[in-house]
Amino acid sequence: LAREPKDYLARLNREQRAAVEHGGGEVAAPLLIIAGAGSGKTSTLAHRVAHLIVKGADPRRILLMTFSRRAASEMTKRVERIAAEVMGDKAAVLTEGLTWAGTFHAVGARLLRDYALEIGLDPAFTIHDREDSADLMNLVRHELGLSKTESRFPAKGTCLAIYSRVVNAQAELEPVLAKSFPWCIGWAQELKTLFATYVEAKQAQNVLDYDDLLLWWAQMCAEPAIAGHLGGRFDHILVDEYQDTNRLQAAILTALKPDGHGLTVVGDDAQSIYSFRAAEVRNILDFPTLFAEPAGIVTLDRNYRSTDTLLAAANAVIGEASERFTKDLWTERRSSEKPRLVTVRDEAEQANHVCEEVLEERERGTLLKHQAVLFRASHHSGPLEIELTRRNIPFVKFGGLKFLDSAHVKDVLAALRFAENPRDRVAGFRVLQLMQGVGPSAASAAIEAMERALDPVLGLQFFKPPARAETDWPAFVELFCGLKGKSAWPADLERVRLWYEPHLDRNHEDAAARRADLLTLEQIAAGYPSRERFLTDLTLDPPDATSDEAGPPHLDEDYLILSTIHSAKGQEWTKVFVLNAVDGCIPSDLAAGEREEIEEERRLLYVAMTRAKDSLHLITPQRFFVHGQAARGDRHVYAQRTRFIPDHILDRFDRTSWPPPSAAAAGRSPQPGIRVDMKARMRGMWR
Ligand code: ATP
Ligand code: MG
């Protein structure tokens with residue numbers, strides 16, 4: 001029998017402990033933990049899950065939702081460690097049962113397969129990532145003739161963004177257009193037709209896009225019989241980063257647990273940064289009064305992460321927000337070092353500054369992976385990536401170009417997906433056109449022939465390819481039949497690679513590097529029980545470029561972390577650099593104007609600053625490079641430090657008064673020619 005679980009409770013503070021023990025291990029009234037950055041929300045949530053298990057809850061009946069797969073797997077490990085302190089080896093057995101930990105989208109995908117037959121969905125559906133969705137949207141756009149006759153019709157990406165916003169916010173089209181896409185208002189009618197056709201196309205092809213995973217889940221919950229059954233599968237449902245959920249997600253939670261019993265949500269309204277994806281901060285603010293029985297509320301105000309000077313700076317930034325947030329955080333960690341505001345001449349010098357500081361800090365004993373460089377948009381790290389590579393400083397990048405975004409990986413996955421679901425046109429188009437002599441019309445004819453046939457394999461076998469494709473065709477037919485035949489996982493992936501390699505060699509100079517990526521993919525695949533699980537997981541939450549998930553096991557190696565601020569959510573590092581802390585970047589000049597948008601940018605800076613434990617550098621280049629916005633093309637702009645930073649809280653540090661660097665180094669700007677070469681090198685770095 002379990003010992004009294006004193007150990008792990010003893011290291012919590014009073015409020016954290018109250019949250020962990022809320023309900024005494026039983027299914028209890030809803031609970032909200034709302035508190036500032038670094039106050040131990042995530043840590044408390046992990047303790048709560050462990051506590052529930054220690055107290056006898058069945059881990060298979062606990063649903064834990066986080067904002068990334070990485071966060072989910074970290075949480076699972078943590079729960080297991082905590083439970084093991086009390087339960088010993090038994091804990092491992094129990095937390096292996098904690099299988100329902102993941103993002104809303106991943107959990108949705110699993111549940112939809114479980115209930116597919118009940119809701120008239122073919123359980124073999126495949127999932128489109130954003131790029132696939134945009135491609136399908138584009139196909140439909142062309143079919144409807146919108147792109148031809150209406151030359152100013154919104155681009156495919158914009159159409160998808162509008163569609164996605166309407167779905168996630170559960171809103172009508174017109175107000176969404178008026179508020180966020182005013183330049184598209186005139187197209188409302190055409191957009192409605194487009195979206196209706198897009199939805200039909202998805203259904204005909206048996207594909208779901210990201211938004212469908214939530215939408216279908218929510219719709220499924222609207223059926224009382226299914227909602228009851230679904231809700232009954234879980235005793236406890238816990239959600240981290242609740243401030244960034246949208247209306248659909250909130251609707252799903254309340255449908256699963258109409259009385260709120262067993263629900264725990266955790267978040268920080270001051271860190272809500274996803275409204276551009278229809279996240280709704282009202283979700284967390286309204287939670288206390290959502291249910292018949294009022295929710296228990298725990299607030300935490302002690303920060304354990306950062307030093308006092310750092311926290312003072314972060315508090316000052318958020319303190320000037322137009323909204324009122326949960327009260328100021330305090331910390332016992334004293335420091336004499338204030339965060340620094342570093343002025344540099346341009347992005348090249350910014351990159352130099354980061355490299356020098358990172359190496360110095362490394363000398364002082366801080367591992368590279370305990371240091372992070374954060375930025376507003378993925379492309380902001382370009383000059384830095386070049387400089388890091390030049391100096392042989394290894395790094396990983398989160399939230400930027402993903403491993404799976406590379407064309408060769410997408411090609412191979414499309415082949416698998418097409419075999420899994422031959423109705424998936426985006427996948428079919430992609431893979432068929434890899435063959436020489438197969439263009440859009442031949443691809444489309446082949447897919448139609450497969451659809452008409454009783455068995456797609458027969459349809460393909462009897463299809464007569466265009467003469468120019470006759471060399472490549474038989475190998476594809478053989479591959480497809482093999483993949484449709486007796487499933488051999490993960491050997492299927494190797495089979496696709498062997499088929500694909502001649503295409504690689506023919507089309508790419510860096511075929512060897514790409515082949516290595518595919519081998520990496522096979523290693524990842526080996527960890528999955530089935531083709532379907534592999535495709536689902538990778539489509540929903542692809543491994544980050546050069547992360548240890550994606551790369552072959554260099555696990556003991558040390559890398560500097562590069563991340564967009566959005567992807568840095570929930571994490572912490574000893575030393576943090578924020579690039580381009582200037583007006584125009586934070587706030588982004590895309591946000592300029594709308595007060596709400598500006599306020600979200602302020603919260604974004606707050607999130608960035610509160611990632612740091614000991615040391616923070618906000619860097620402000622006097623001029624920086626803006627990539628081709630609107631019709632203005634690439635250009636340099638002269639920048640002011642971000643308006644969000646009050647003067648007194650920072651130490652100023654001016655690099656621009658240093659002896660001027662050599663003419664060659666000054667004003668260097670990223671050159672497209674260099675970038676192309678760097679890609680192969682950078683891939684090489686994590687192999
Ligand atoms: P964020 O808002 O950034 O997601 P959070 O509120 O989730 O932050 P955590 O990441 O859980 O905060 O915790 C921040 C740090 O504080 C972690 O290093 C954690 O281990 C530590 N911590 C939390 N609670 C305690 C405690 N009671 N005693 C000591 N350290 C703690
Ligand atoms: Mg957290």
# chains A, B, ... in the order shown; residues from 1 in each chain; ligands from 1
$ residues_near_ligand --ligand "ligand 1" --cutoff "9 Å" --atoms "only C-alpha atoms and all ligand atoms" --output "number ranges by chain"
A: 10-14, 16-17, 34-46, 240-241, 266-268, 271, 300, 302-306, 568-572, 607, 610-611, 613
$ write_last_selection --atoms "C-alpha atoms" --output "PDB file, in the first residue's frame"
ATOM      1  CA  ALA A  10       6.247  19.108   1.394  1.00  0.00           C
ATOM      2  CA  ARG A  11       8.108  20.966  -1.325  1.00  0.00           C
ATOM      3  CA  LEU A  12       5.032  22.845  -2.511  1.00  0.00           C
ATOM      4  CA  ASN A  13       3.965  26.159  -1.073  1.00  0.00           C
ATOM      5  CA  ARG A  14       0.620  26.504   0.661  1.00  0.00           C
ATOM      6  CA  GLN A  16       0.207  25.052  -4.678  1.00  0.00           C
ATOM      7  CA  ARG A  17      -0.565  22.374  -2.167  1.00  0.00           C
ATOM      8  CA  ILE A  34      -4.684  31.376 -12.481  1.00  0.00           C
ATOM      9  CA  ALA A  35      -1.287  32.840 -11.827  1.00  0.00           C
ATOM     10  CA  GLY A  36       1.671  34.678 -13.289  1.00  0.00           C
ATOM     11  CA  ALA A  37       4.677  33.375 -15.131  1.00  0.00           C
ATOM     12  CA  GLY A  38       7.062  31.053 -13.338  1.00  0.00           C
ATOM     13  CA  SER A  39       4.812  30.664 -10.315  1.00  0.00           C
ATOM     14  CA  GLY A  40       4.712  26.897 -10.680  1.00  0.00           C
ATOM     15  CA  LYS A  41       1.432  26.379 -12.527  1.00  0.00           C
ATOM     16  CA  THR A  42       2.698  23.620 -14.761  1.00  0.00           C
ATOM     17  CA  SER A  43       4.646  22.097 -11.935  1.00  0.00           C
ATOM     18  CA  THR A  44       1.547  22.172  -9.725  1.00  0.00           C
ATOM     19  CA  LEU A  45      -0.484  20.528 -12.458  1.00  0.00           C
ATOM     20  CA  ALA A  46       2.043  17.687 -12.705  1.00  0.00           C
ATOM     21  CA  ASP A 240      -2.433  23.685 -19.105  1.00  0.00           C
ATOM     22  CA  GLU A 241      -2.074  27.106 -20.813  1.00  0.00           C
ATOM     23  CA  VAL A 266      -4.436  26.333 -15.489  1.00  0.00           C
ATOM     24  CA  GLY A 267      -3.248  29.537 -17.096  1.00  0.00           C
ATOM     25  CA  ASP A 268      -2.194  33.157 -16.993  1.00  0.00           C
ATOM     26  CA  GLN A 271       0.311  35.487 -21.236  1.00  0.00           C
ATOM     27  CA  LEU A 300      -0.046  31.813  -6.968  1.00  0.00           C
ATOM     28  CA  ARG A 302       5.498  33.689  -5.745  1.00  0.00           C
ATOM     29  CA  ASN A 303       7.763  33.319  -8.725  1.00  0.00           C
ATOM     30  CA  TYR A 304      10.427  30.650  -8.430  1.00  0.00           C
ATOM     31  CA  ARG A 305      12.005  31.140 -11.796  1.00  0.00           C
ATOM     32  CA  SER A 306      13.557  34.570 -12.042  1.00  0.00           C
ATOM     33  CA  ALA A 568       8.900  29.331 -26.055  1.00  0.00           C
ATOM     34  CA  LYS A 569       5.724  29.289 -24.005  1.00  0.00           C
ATOM     35  CA  GLY A 570       6.028  27.509 -20.676  1.00  0.00           C
ATOM     36  CA  GLN A 571       9.802  27.033 -20.892  1.00  0.00           C
ATOM     37  CA  GLU A 572      12.736  28.564 -18.999  1.00  0.00           C
ATOM     38  CA  VAL A 607       6.228  36.032 -22.152  1.00  0.00           C
ATOM     39  CA  THR A 610       9.685  35.837 -18.133  1.00  0.00           C
ATOM     40  CA  ARG A 611      11.481  32.887 -19.757  1.00  0.00           C
ATOM     41  CA  LYS A 613      16.007  32.760 -14.853  1.00  0.00           C
TER      42      LYS A 613
END
$ residues_around --residues "A:Arg61" --least-positions-apart "6" --cutoff "8 Å" --atoms "only C-alpha atoms" --output "list in words"
Leu98, Trp100, Arg233, Phe234, Asp235 and His236 of chain A
$ write_last_selection --atoms "C-alpha atoms" --output "CSV table (one decimal), in the first residue's frame"
chain,number,residue,atom,x,y,z
A,98,LEU,CA,-1.4,7.9,-18.6
A,100,TRP,CA,-4.3,10.4,-22.8
A,233,ARG,CA,-14.4,7.8,-20.2
A,234,PHE,CA,-12.5,10.4,-18.2
A,235,ASP,CA,-12.7,11.1,-14.5
A,236,HIS,CA,-10.3,14.0,-14.6
$ atom_distance --atom1 "atom CA of A:Ser567" --atom2 "atom CA of A:Arg362"
23.7 Å
$ residues_around --residues "stretch 112-121 of chain A" --least-positions-apart "2" --cutoff "10 Å" --atoms "only C-alpha atoms" --output "PyMOL selection string"
chain A and resi 106-110+123-125+203+206-207+213-214+216-217+219-220+223+226+230
$ residues_around --residues "A:Arg81" --least-positions-apart "5" --cutoff "10 Å" --atoms "only C-alpha atoms" --output "PDB file with N, CA and C atoms, in the first residue's frame"
ATOM      1  N   ALA A  46       1.407  19.013 -12.701  1.00  0.00           N
ATOM      2  CA  ALA A  46       2.043  17.687 -12.705  1.00  0.00           C
ATOM      3  C   ALA A  46       1.886  17.017 -11.340  1.00  0.00           C
ATOM      4  N   HIS A  47       2.070  17.810 -10.286  1.00  0.00           N
ATOM      5  CA  HIS A  47       1.905  17.248  -8.942  1.00  0.00           C
ATOM      6  C   HIS A  47       0.466  16.801  -8.707  1.00  0.00           C
ATOM      7  N   ALA A  50      -0.080  13.479 -10.410  1.00  0.00           N
ATOM      8  CA  ALA A  50       0.580  12.423  -9.641  1.00  0.00           C
ATOM      9  C   ALA A  50      -0.212  12.119  -8.369  1.00  0.00           C
ATOM     10  N   MET A  75       5.526  16.415 -19.251  1.00  0.00           N
ATOM     11  CA  MET A  75       4.596  16.316 -18.130  1.00  0.00           C
ATOM     12  C   MET A  75       4.415  14.857 -17.707  1.00  0.00           C
ATOM     13  N   THR A  76       4.292  13.978 -18.694  1.00  0.00           N
ATOM     14  CA  THR A  76       4.092  12.564 -18.382  1.00  0.00           C
ATOM     15  C   THR A  76       5.280  12.019 -17.592  1.00  0.00           C
ATOM     16  N   VAL A  86       6.615   8.079  -4.178  1.00  0.00           N
ATOM     17  CA  VAL A  86       5.737   7.498  -3.173  1.00  0.00           C
ATOM     18  C   VAL A  86       5.486   6.017  -3.449  1.00  0.00           C
ATOM     19  N   MET A  87       5.296   5.712  -4.700  1.00  0.00           N
ATOM     20  CA  MET A  87       4.810   4.379  -5.042  1.00  0.00           C
ATOM     21  C   MET A  87       5.905   3.422  -5.471  1.00  0.00           C
ATOM     22  N   GLY A  88       7.107   3.949  -5.646  1.00  0.00           N
ATOM     23  CA  GLY A  88       8.183   3.085  -6.109  1.00  0.00           C
ATOM     24  C   GLY A  88       7.909   2.620  -7.525  1.00  0.00           C
ATOM     25  N   ALA A  91       4.701   2.948  -9.795  1.00  0.00           N
ATOM     26  CA  ALA A  91       4.333   4.179 -10.478  1.00  0.00           C
ATOM     27  C   ALA A  91       4.549   4.065 -11.981  1.00  0.00           C
ATOM     28  N   ALA A  92       5.610   3.358 -12.353  1.00  0.00           N
ATOM     29  CA  ALA A  92       5.895   3.229 -13.784  1.00  0.00           C
ATOM     30  C   ALA A  92       4.739   2.545 -14.488  1.00  0.00           C
ATOM     31  N   THR A  95       1.798   5.132 -14.682  1.00  0.00           N
ATOM     32  CA  THR A  95       1.848   6.251 -15.614  1.00  0.00           C
ATOM     33  C   THR A  95       1.974   5.791 -17.056  1.00  0.00           C
TER      34      THR A  95
END
$ closest_residue --among "A:Ser147, A:Leu540, A:Gln243, A:Ala171" --to "ligand 2" --atoms "only C-alpha atoms and all ligand atoms"
A:Gln243
$ atom_distance --atom1 "atom CA of A:Leu31" --atom2 "atom CA of A:Ile252"
16.8 Å
$ closest_residue --among "A:Lys397, A:Glu600, A:Phe153, A:Ile185" --to "A:Asp244" --atoms "only C-alpha atoms"
A:Glu600
